[in-house]
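Everything below concerns the one structure shown next.
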Amino acid sequence: MKILLTNDDGFHADGIQELYKSLSERHEVFLVAPEKNCSGFSASISYTTQVEIDQVSETEFIVKGTPADCVYFGLFSLMDKDIDIVISGINHGANIGNDVIYSGTVGAAVGGRKLKYPPIAISVASYSTLNINFIVNKSSELIDKIIKLPAIFDGKVFNINFPDLNEKKCKGIKVTGVAKRDIPAKPIEVESENDNKRYRYNLSGKPIKESITTDADALQDGFISVSILDYGLDNPNLREKLTDFIYE
C-alpha cells in the first residue's frame, strides 16, 4: 500500500516519526509534513503565496505551509505515484468533539477523501506521550481494519483518538459519535506595552453529556475512540424541504 503520511505537529514531531518508521516496514510511505507546528489550521491552504518544499530523502519532504498544503502537493506534485491512502498523525493532543472543525490533523486527512481507501486522522490525548509504541502498533492494526471496509465507507474520514495508556490499562476500542461542546471559556487577555489589547484562545467548552457514546466519553473511560466524519457537504432531505419554503 502506498501511504501519504502527514500531520499538523510538524515534520520532526515524535508521533509522525514513530508512525513513519512502523508503517515503512510493510508499506511504501511518503512523509510529507509541515516545517513547523500548524495546530488549529484546519484545512486552510496557502492559496495566495508560493510554498517552498525541502526534500529530505527520496520519501521525505518538509513543506513550508499548512497540513492541507502537504496533502495537495504530495498527491499532485512531489511524487510520481498513485497514493492509496492519506494518514494524518499521530497528533499530540486529542481531536474530539467540535474541535475536529479546527484541527489541522483532521483538515489534512480531508484532502484524501477520493483515494482508494478512506483517510485516517490519528491523535493521542497527551502532549508528551508515554506509550508511543503501543499507540503506533494499535494504529497499524486499525489502519489494516479500515482499508478492508466495504464501499459504503468510501469518501468518509476516520478520526481515531487514543488515551495515553499502555496496553494493559487501555480498555479497548469504541465506535463513537462526535461530542458537542458547551460554550468555550472566555479569551485570555495578554498584557501589552501599548493601548492595543491582545488575547489568546482559552480552553474549548466541556463536552456535553449525550445519550450516545461520544469520542469524549470513550477517552475519559480509557477507551480508544473511532469516529466517522462525513464531509459530503450536502443534505438532500433538507435541500428538498428548503425548496418548498423558498419557492412558496
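We name chains A, B, ... following the order of the C-alpha cells; residues begin at 1 in each chain, and ligands are numbered from 1 as shown.
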Counting only C-alpha atoms, which residues of stretch 82-153 of chain A fall within 12 Å of stretch 194-217 of chain A, and what is the closest atom pair for each with its distance in Å at one decimal, ordered by chain and rising number, as a tab-separated table?
```
residue	atom	partner	partner_atom	distance
A:Ala94	CA	A:Ala216	CA	9.3
A:Asn95	CA	A:Asp215	CA	9.0
A:Ile96	CA	A:Asp215	CA	6.0
A:Gly97	CA	A:Asp215	CA	6.9
A:Asn98	CA	A:Ser204	CA	8.8
A:Asp99	CA	A:Ser204	CA	7.9
A:Val100	CA	A:Asp215	CA	11.1
A:Tyr102	CA	A:Ser204	CA	11.2
A:Ser123	CA	A:Asp215	CA	11.7
A:Val124	CA	A:Asp215	CA	12.0
A:Ala125	CA	A:Ala216	CA	10.3
```
Exercise for review: Assign secondary structure with DSSP using the backbone only, and return the residues of stretch 119-229 of chain A in strand (DSSP E) as a list in words.
Suggested key: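 So, restricting stretch 119-229 of chain A to strand (DSSP E), we get Ile120, Ala121, Ile122, Ser123, Val124, Val157, Phe158, Asn159, Ile160, Asn161, Phe162, Ile173, Lys174, Val175, Thr176, Ile188, Glu189, Val190, Arg198, Tyr199, Arg200, Ile224, Ser225, Val226, Ser227, Ile228 and Leu229 of chain A.
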Practice item. Just list the residues in stretch 92-152 of chain A DSSP gives helix (DSSP H, G or I) on the backbone, as number ranges by chain. Key: A: 97-101, 104-110, 132-146, 151-152
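Distances from A:Asp144, A:Asp221, A:Val71, A:Asn137 to A:Tyr20 were compared using only C-alpha atoms, and the smallest one belongs to A:Asn137.
Across the model, the gap from atom CA of A:Cys170 to atom CA of A:Phe134 is 9.8 Å.
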Study note, to complete from the structure: In Å and to one decimal, atom CA of A:Ala151 is distant from atom CA of A:Val86 by 16.9 Å
Review point. Expressed in Å to a single decimal, how great is the separation between atom CA of A:Gly40 and atom CA of A:Ser140?
Key: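 Computing it gives 25.3 Å between the two atoms.
Nearest to A:Leu142 of all the residues A:Lys174, A:Lys114, A:Lys169, A:Lys186 is A:Lys174, counting only C-alpha atoms.
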Exercise: A:Val56 partners within 10 Å, only C-alpha atoms, chain neighbours under 4 positions left out, as a short mmCIF file (atom, residue, chain, number, x, y, z; two decimals) with N, CA, C and O atoms, in the first residue's frame:
```cif
data_model
loop_
_atom_site.label_atom_id
_atom_site.label_comp_id
_atom_site.auth_asym_id
_atom_site.auth_seq_id
_atom_site.Cartn_x
_atom_site.Cartn_y
_atom_site.Cartn_z
N LEU A 31 6.51 10.60 3.59
CA LEU A 31 6.30 11.51 4.71
C LEU A 31 6.36 12.94 4.18
O LEU A 31 7.42 13.42 3.75
N VAL A 32 5.22 13.62 4.20
CA VAL A 32 5.12 15.00 3.71
C VAL A 32 4.46 15.80 4.81
O VAL A 32 3.24 15.73 5.03
N GLU A 60 10.84 11.65 1.88
CA GLU A 60 10.55 12.58 2.97
C GLU A 60 10.64 14.02 2.48
O GLU A 60 11.63 14.40 1.84
N PHE A 61 9.62 14.81 2.84
CA PHE A 61 9.55 16.20 2.38
C PHE A 61 9.07 17.10 3.52
O PHE A 61 8.17 16.74 4.27
N ILE A 62 9.70 18.27 3.62
CA ILE A 62 9.28 19.29 4.58
C ILE A 62 8.63 20.43 3.80
O ILE A 62 9.25 21.02 2.91
#
```
Any idea what's packed within 8 Å of A:Ala121, counting only C-alpha atoms, ignoring anything in its chain fewer than 6 positions away? Could you give it as an mmCIF file with C-alpha atoms, in the first residue's frame?
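Saved the output as selection.cif:
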```cif
data_model
loop_
_atom_site.group_PDB
_atom_site.id
_atom_site.type_symbol
_atom_site.label_atom_id
_atom_site.label_comp_id
_atom_site.auth_asym_id
_atom_site.auth_seq_id
_atom_site.Cartn_x
_atom_site.Cartn_y
_atom_site.Cartn_z
ATOM 1 C CA ILE A 87 -2.914 9.115 7.093
ATOM 2 C CA SER A 88 -2.537 12.146 9.356
ATOM 3 C CA GLY A 89 -0.845 11.853 12.743
ATOM 4 C CA ILE A 90 -0.021 10.675 15.280
ATOM 5 C CA THR A 105 -4.690 16.877 11.694
ATOM 6 C CA VAL A 106 -8.253 16.242 10.538
ATOM 7 C CA ALA A 109 -6.900 13.965 6.209
ATOM 8 C CA VAL A 157 -12.869 10.419 7.176
ATOM 9 C CA PHE A 158 -11.948 8.238 10.147
ATOM 10 C CA ASN A 159 -10.921 10.066 13.300
ATOM 11 C CA ILE A 160 -9.086 7.943 15.892
#
```
Check your understanding: Counting only C-alpha atoms, what is within 8 Å of stretch 14-16 of chain A, bar same-chain residues fewer than 2 positions away, as number ranges by chain?
Key -> A: 5-7, 11-12, 18-20, 89-92, 132
